[in-house]
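For reference, the structure is listed below as structure tokens.
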Amino acid sequence: MPETEAARPTPGTHKPTLRTLGWLVCYDVNRTLGGIASMELLRRSLGARGWMTDEGHALFVAISRLTPGTNILAYCVALGWQLAHWRGAIVSLAAASIPASILITLLSATLTRIDQFPVVRAIIAIALIVATLLVLATAWNLLRPYIKGGNAVRTGIIAAVVIVLALMNVTPVRILLVAAAFGVVMPSPAAPPVAEPDR
Amino acid sequence: MSIVALYLLLLKATVTSFAGMGSLPQIRQDFVVTHGVITDEQLSQAVVIGRSAPGPVGAYVVAIGYFAGGWSGAIAAWLAMITPALLVIPLLTLLRRFLHLPRVRAAVDAVVVASAVLLLTSVVRMAIDSFEMLRRVFG
């Protein structure tokens, strides 16, 4: 029997059980390569059930982008917090991170046992090139929104300062602090669009 | 290296990055250059493993933890990976209040740009290692 308008849940007003929340987060985050794809899957899964609005999704994407660490994990914590406070945040975080972490540990353990075989080393060598290109893509994805319009010169200056400091063997933390101070004294001429989050 | 030290070093890397792979330069600095607990090759392998598995890209730090400290190192790394995500809760409140301020926004933007450029410098190192390994395997 089709659901009536009155019976249809109002977006953002219903809440899932912790078990359902955990399952949905686990399934959506760990069936993709993370990032914006996982966020979109979560938006669809939870939105279809009336547990999240598009506005809530947009807010979580923006805030996860500004939270240190892995964006998809921050997104999941924000989502869980919104739905069930601390319990929701912890369940979401565990569901998003534990399966991948177990798999990666097992892969690491396996690799340390077989990486002396020539065939394995050849595969790793090729995979390293692919991984290098993927890291390059990540860096470009981060940088891209900041090289458009009036922000290009400012971005160029920051990049030059960072490269010089890196060549002087200044540690990354200190370089980031210098960048933050630079940002305070030289505000952006134009607000960049929200970058596509990395995973 | 003790597990606590491993956790704190990885936490320093994850809490000062704004993307899954953004922690790479700091991890290389601490684990390869300063303490020498893993090699550049292991660092690259961790990246390969992280990008091969589904789920968050930032989970590559778990492989770093395993290479540096075995199973307990992997657990410490997992904790270091998830800890910064919890900062989103106070940030939800703080950012609603302060992010509209131009200088706060500009500082955050500058850190993201610097993080991306640092990542590019890591790419150079990874590319050199990749070709070096290819040369050893096929040369």
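Identifiers in the structure tokens: chain A, B, ... in order shown; residue index from 1 per chain; ligand index from 1 in order shown.
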Can you list, as a PDB file with N, CA and C atoms, in the first residue's frame, every protein, DNA or RNA residue that comes within 10 Å of range 13-27 of chain A when you count only C-alpha atoms, leaving out same-chain residues fewer than 2 positions away?
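Written file, out-v5.pdb:
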ATOM      1  N   PRO A   9       7.676  10.267   6.513  1.00  0.00           N
ATOM      2  CA  PRO A   9       8.441  10.965   7.543  1.00  0.00           C
ATOM      3  C   PRO A   9       8.924  12.338   7.076  1.00  0.00           C
ATOM      4  N   THR A  10       8.887  13.300   7.969  1.00  0.00           N
ATOM      5  CA  THR A  10       9.424  14.621   7.657  1.00  0.00           C
ATOM      6  C   THR A  10      10.938  14.555   7.756  1.00  0.00           C
ATOM      7  N   PRO A  11      11.677  14.998   6.710  1.00  0.00           N
ATOM      8  CA  PRO A  11      13.133  14.889   6.735  1.00  0.00           C
ATOM      9  C   PRO A  11      13.740  15.522   7.975  1.00  0.00           C
ATOM     10  N   VAL A  29      30.139   3.560   3.788  1.00  0.00           N
ATOM     11  CA  VAL A  29      31.528   4.038   3.780  1.00  0.00           C
ATOM     12  C   VAL A  29      32.474   2.959   3.242  1.00  0.00           C
ATOM     13  N   ASN A  30      32.206   1.703   3.602  1.00  0.00           N
ATOM     14  CA  ASN A  30      33.163   0.653   3.264  1.00  0.00           C
ATOM     15  C   ASN A  30      32.866  -0.074   1.956  1.00  0.00           C
ATOM     16  N   ARG A  31      31.832   0.358   1.226  1.00  0.00           N
ATOM     17  CA  ARG A  31      31.616  -0.245  -0.089  1.00  0.00           C
ATOM     18  C   ARG A  31      32.125   0.671  -1.195  1.00  0.00           C
ATOM     19  N   THR A  32      32.648   1.827  -0.814  1.00  0.00           N
ATOM     20  CA  THR A  32      33.241   2.720  -1.813  1.00  0.00           C
ATOM     21  C   THR A  32      34.666   3.015  -1.384  1.00  0.00           C
ATOM     22  N   SER A  38      31.112   8.380  -0.537  1.00  0.00           N
ATOM     23  CA  SER A  38      30.506   7.812   0.673  1.00  0.00           C
ATOM     24  C   SER A  38      29.504   8.786   1.285  1.00  0.00           C
ATOM     25  N   MET A  39      29.870  10.064   1.287  1.00  0.00           N
ATOM     26  CA  MET A  39      28.957  11.069   1.840  1.00  0.00           C
ATOM     27  C   MET A  39      27.655  11.110   1.036  1.00  0.00           C
ATOM     28  N   LEU A  41      26.368   8.639  -0.691  1.00  0.00           N
ATOM     29  CA  LEU A  41      25.604   7.421  -0.397  1.00  0.00           C
ATOM     30  C   LEU A  41      24.861   7.554   0.934  1.00  0.00           C
ATOM     31  N   LEU A  42      25.552   8.131   1.917  1.00  0.00           N
ATOM     32  CA  LEU A  42      24.913   8.329   3.225  1.00  0.00           C
ATOM     33  C   LEU A  42      23.752   9.315   3.115  1.00  0.00           C
ATOM     34  N   SER A  45      20.927   7.303   1.581  1.00  0.00           N
ATOM     35  CA  SER A  45      20.392   6.276   2.485  1.00  0.00           C
ATOM     36  C   SER A  45      19.590   6.901   3.615  1.00  0.00           C
ATOM     37  N   LEU A  46      20.186   7.891   4.267  1.00  0.00           N
ATOM     38  CA  LEU A  46      19.532   8.495   5.429  1.00  0.00           C
ATOM     39  C   LEU A  46      18.426   9.463   5.007  1.00  0.00           C
ATOM     40  N   ARG A  49      15.174   7.808   4.230  1.00  0.00           N
ATOM     41  CA  ARG A  49      14.461   7.356   5.435  1.00  0.00           C
ATOM     42  C   ARG A  49      13.989   8.527   6.304  1.00  0.00           C
ATOM     43  N   GLY A  50      14.252   9.733   5.833  1.00  0.00           N
ATOM     44  CA  GLY A  50      13.819  10.913   6.587  1.00  0.00           C
ATOM     45  C   GLY A  50      14.686  11.221   7.783  1.00  0.00           C
ATOM     46  N   TRP A  51      15.939  10.743   7.764  1.00  0.00           N
ATOM     47  CA  TRP A  51      16.825  10.942   8.912  1.00  0.00           C
ATOM     48  C   TRP A  51      17.823  12.075   8.697  1.00  0.00           C
ATOM     49  N   MET A  52      17.866  12.596   7.475  1.00  0.00           N
ATOM     50  CA  MET A  52      18.800  13.699   7.221  1.00  0.00           C
ATOM     51  C   MET A  52      18.239  14.574   6.100  1.00  0.00           C
ATOM     52  N   THR A  53      18.420  15.880   6.256  1.00  0.00           N
ATOM     53  CA  THR A  53      17.991  16.801   5.212  1.00  0.00           C
ATOM     54  C   THR A  53      19.176  17.140   4.306  1.00  0.00           C
ATOM     55  N   CYS A  76      30.975  11.411   9.468  1.00  0.00           N
ATOM     56  CA  CYS A  76      30.215  10.367  10.166  1.00  0.00           C
ATOM     57  C   CYS A  76      29.987  10.729  11.634  1.00  0.00           C
ATOM     58  N   LEU A  79      27.312  13.347  11.723  1.00  0.00           N
ATOM     59  CA  LEU A  79      26.035  12.687  11.437  1.00  0.00           C
ATOM     60  C   LEU A  79      25.512  11.932  12.666  1.00  0.00           C
ATOM     61  N   GLY A  80      26.388  11.148  13.271  1.00  0.00           N
ATOM     62  CA  GLY A  80      25.992  10.378  14.443  1.00  0.00           C
ATOM     63  C   GLY A  80      25.616  11.268  15.611  1.00  0.00           C
ATOM     64  N   GLN A  82      24.436  14.297  15.437  1.00  0.00           N
ATOM     65  CA  GLN A  82      23.151  14.928  15.151  1.00  0.00           C
ATOM     66  C   GLN A  82      21.981  13.991  15.459  1.00  0.00           C
ATOM     67  N   LEU A  83      22.192  12.693  15.204  1.00  0.00           N
ATOM     68  CA  LEU A  83      21.090  11.736  15.351  1.00  0.00           C
ATOM     69  C   LEU A  83      20.977  11.160  16.764  1.00  0.00           C
ATOM     70  N   ALA A  84      22.122  10.950  17.419  1.00  0.00           N
ATOM     71  CA  ALA A  84      22.052  10.287  18.722  1.00  0.00           C
ATOM     72  C   ALA A  84      23.173  10.717  19.665  1.00  0.00           C
ATOM     73  N   ARG A  87      26.526   8.612  21.737  1.00  0.00           N
ATOM     74  CA  ARG A  87      26.415   7.207  21.312  1.00  0.00           C
ATOM     75  C   ARG A  87      26.383   7.099  19.791  1.00  0.00           C
ATOM     76  N   GLY A  88      25.647   7.987  19.168  1.00  0.00           N
ATOM     77  CA  GLY A  88      25.578   7.982  17.710  1.00  0.00           C
ATOM     78  C   GLY A  88      26.919   8.295  17.081  1.00  0.00           C
ATOM     79  N   ALA A  89      27.639   9.266  17.658  1.00  0.00           N
ATOM     80  CA  ALA A  89      28.944   9.647  17.116  1.00  0.00           C
ATOM     81  C   ALA A  89      29.924   8.484  17.206  1.00  0.00           C
ATOM     82  N   ILE A  90      29.929   7.802  18.349  1.00  0.00           N
ATOM     83  CA  ILE A  90      30.881   6.704  18.536  1.00  0.00           C
ATOM     84  C   ILE A  90      30.529   5.506  17.644  1.00  0.00           C
ATOM     85  N   VAL A  91      29.252   5.198  17.553  1.00  0.00           N
ATOM     86  CA  VAL A  91      28.836   4.082  16.691  1.00  0.00           C
ATOM     87  C   VAL A  91      29.183   4.385  15.232  1.00  0.00           C
ATOM     88  N   SER A  92      28.908   5.601  14.785  1.00  0.00           N
ATOM     89  CA  SER A  92      29.209   5.970  13.395  1.00  0.00           C
ATOM     90  C   SER A  92      30.714   5.907  13.122  1.00  0.00           C
ATOM     91  N   LEU A  93      31.477   6.435  14.057  1.00  0.00           N
ATOM     92  CA  LEU A  93      32.935   6.465  13.883  1.00  0.00           C
ATOM     93  C   LEU A  93      33.502   5.047  13.823  1.00  0.00           C
ATOM     94  N   ALA A  94      33.022   4.197  14.717  1.00  0.00           N
ATOM     95  CA  ALA A  94      33.499   2.807  14.724  1.00  0.00           C
ATOM     96  C   ALA A  94      33.083   2.089  13.437  1.00  0.00           C
ATOM     97  N   ALA A  95      31.849   2.290  13.031  1.00  0.00           N
ATOM     98  CA  ALA A  95      31.349   1.601  11.832  1.00  0.00           C
ATOM     99  C   ALA A  95      32.101   2.050  10.588  1.00  0.00           C
ATOM    100  N   ALA A  96      32.499   3.315  10.552  1.00  0.00           N
ATOM    101  CA  ALA A  96      33.198   3.829   9.370  1.00  0.00           C
ATOM    102  C   ALA A  96      34.659   3.409   9.329  1.00  0.00           C
ATOM    103  N   SER A  97      35.268   3.230  10.497  1.00  0.00           N
ATOM    104  CA  SER A  97      36.726   3.052  10.518  1.00  0.00           C
ATOM    105  C   SER A  97      37.210   1.633  10.798  1.00  0.00           C
ATOM    106  N   ILE A  98      36.461   0.856  11.565  1.00  0.00           N
ATOM    107  CA  ILE A  98      36.991  -0.451  11.983  1.00  0.00           C
ATOM    108  C   ILE A  98      37.129  -1.459  10.828  1.00  0.00           C
ATOM    109  N   PRO A  99      36.108  -1.632   9.985  1.00  0.00           N
ATOM    110  CA  PRO A  99      36.268  -2.647   8.921  1.00  0.00           C
ATOM    111  C   PRO A  99      37.481  -2.372   8.026  1.00  0.00           C
ATOM    112  N   ALA A 100      37.643  -1.129   7.587  1.00  0.00           N
ATOM    113  CA  ALA A 100      38.778  -0.805   6.711  1.00  0.00           C
ATOM    114  C   ALA A 100      40.098  -0.992   7.448  1.00  0.00           C
TER     115      ALA A 100
ATOM    116  N   GLY B  55      36.999   2.128   1.939  1.00  0.00           N
ATOM    117  CA  GLY B  55      36.906   2.870   3.199  1.00  0.00           C
ATOM    118  C   GLY B  55      37.735   4.137   3.164  1.00  0.00           C
TER     119      GLY B  55
END
Contacts of range 11-14 of chain B at 6 Å (only C-alpha atoms; same-chain gap of 6+ positions) as a short mmCIF file (atom, residue, chain, number, x, y, z; two decimals) with C-alpha atoms, in the first residue's frame:
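The new file out30.cif reads:
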data_model
loop_
_atom_site.label_atom_id
_atom_site.label_comp_id
_atom_site.auth_asym_id
_atom_site.auth_seq_id
_atom_site.Cartn_x
_atom_site.Cartn_y
_atom_site.Cartn_z
CA GLY A 69 42.06 14.43 9.87
CA SER B 23 49.24 13.58 7.10
CA GLN B 26 54.50 14.82 8.83
CA ILE B 27 54.48 11.01 9.07
CA ALA B 80 45.23 8.31 16.13
#
Next on the checklist: Could you tell me how far CA of Val77 in chain A sits from CA of Ser2 in chain B, in Å to one decimal place?
Outcome noted: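 Taking CA of Ser2 in chain B as the start and CA of Val77 in chain A as the end point, the length is 28.7 Å.
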Checklist entry - What's the 8 Å shell around range 40-48 of chain B, counting only C-alpha atoms, without same-chain residues fewer than 2 positions away, as a VMD selection string? => result (chain A and resid 108 124 127 to 128 131) or (chain B and resid 28 32 38 50 to 52 60 to 61 63 to 64 67 126 129)
Checklist entry - Skipping near chain neighbours, those fewer than 5 positions away, what residues fall within 8 Å of Thr132 in chain A using only C-alpha atoms, listed as a list in words? => result Val123, Met126, Ala127 and Ser130 of chain B
Take the residues that were just selected and, keeping N, CA and C atoms, output them as an mmCIF file, in the first residue's frame.
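So the final result, stored in part_37.cif, reads:
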data_model
loop_
_atom_site.group_PDB
_atom_site.id
_atom_site.type_symbol
_atom_site.label_atom_id
_atom_site.label_comp_id
_atom_site.auth_asym_id
_atom_site.auth_seq_id
_atom_site.Cartn_x
_atom_site.Cartn_y
_atom_site.Cartn_z
ATOM 1 N N VAL B 123 54.775 13.914 -2.965
ATOM 2 C CA VAL B 123 54.607 13.209 -4.231
ATOM 3 C C VAL B 123 55.955 13.076 -4.938
ATOM 4 N N MET B 126 57.774 10.293 -3.326
ATOM 5 C CA MET B 126 57.159 9.007 -3.690
ATOM 6 C C MET B 126 57.503 8.631 -5.129
ATOM 7 N N ALA B 127 57.511 9.616 -6.010
ATOM 8 C CA ALA B 127 57.815 9.325 -7.419
ATOM 9 C C ALA B 127 59.246 8.819 -7.553
ATOM 10 N N SER B 130 59.345 5.322 -6.292
ATOM 11 C CA SER B 130 58.672 4.406 -7.218
ATOM 12 C C SER B 130 59.602 4.012 -8.359
#
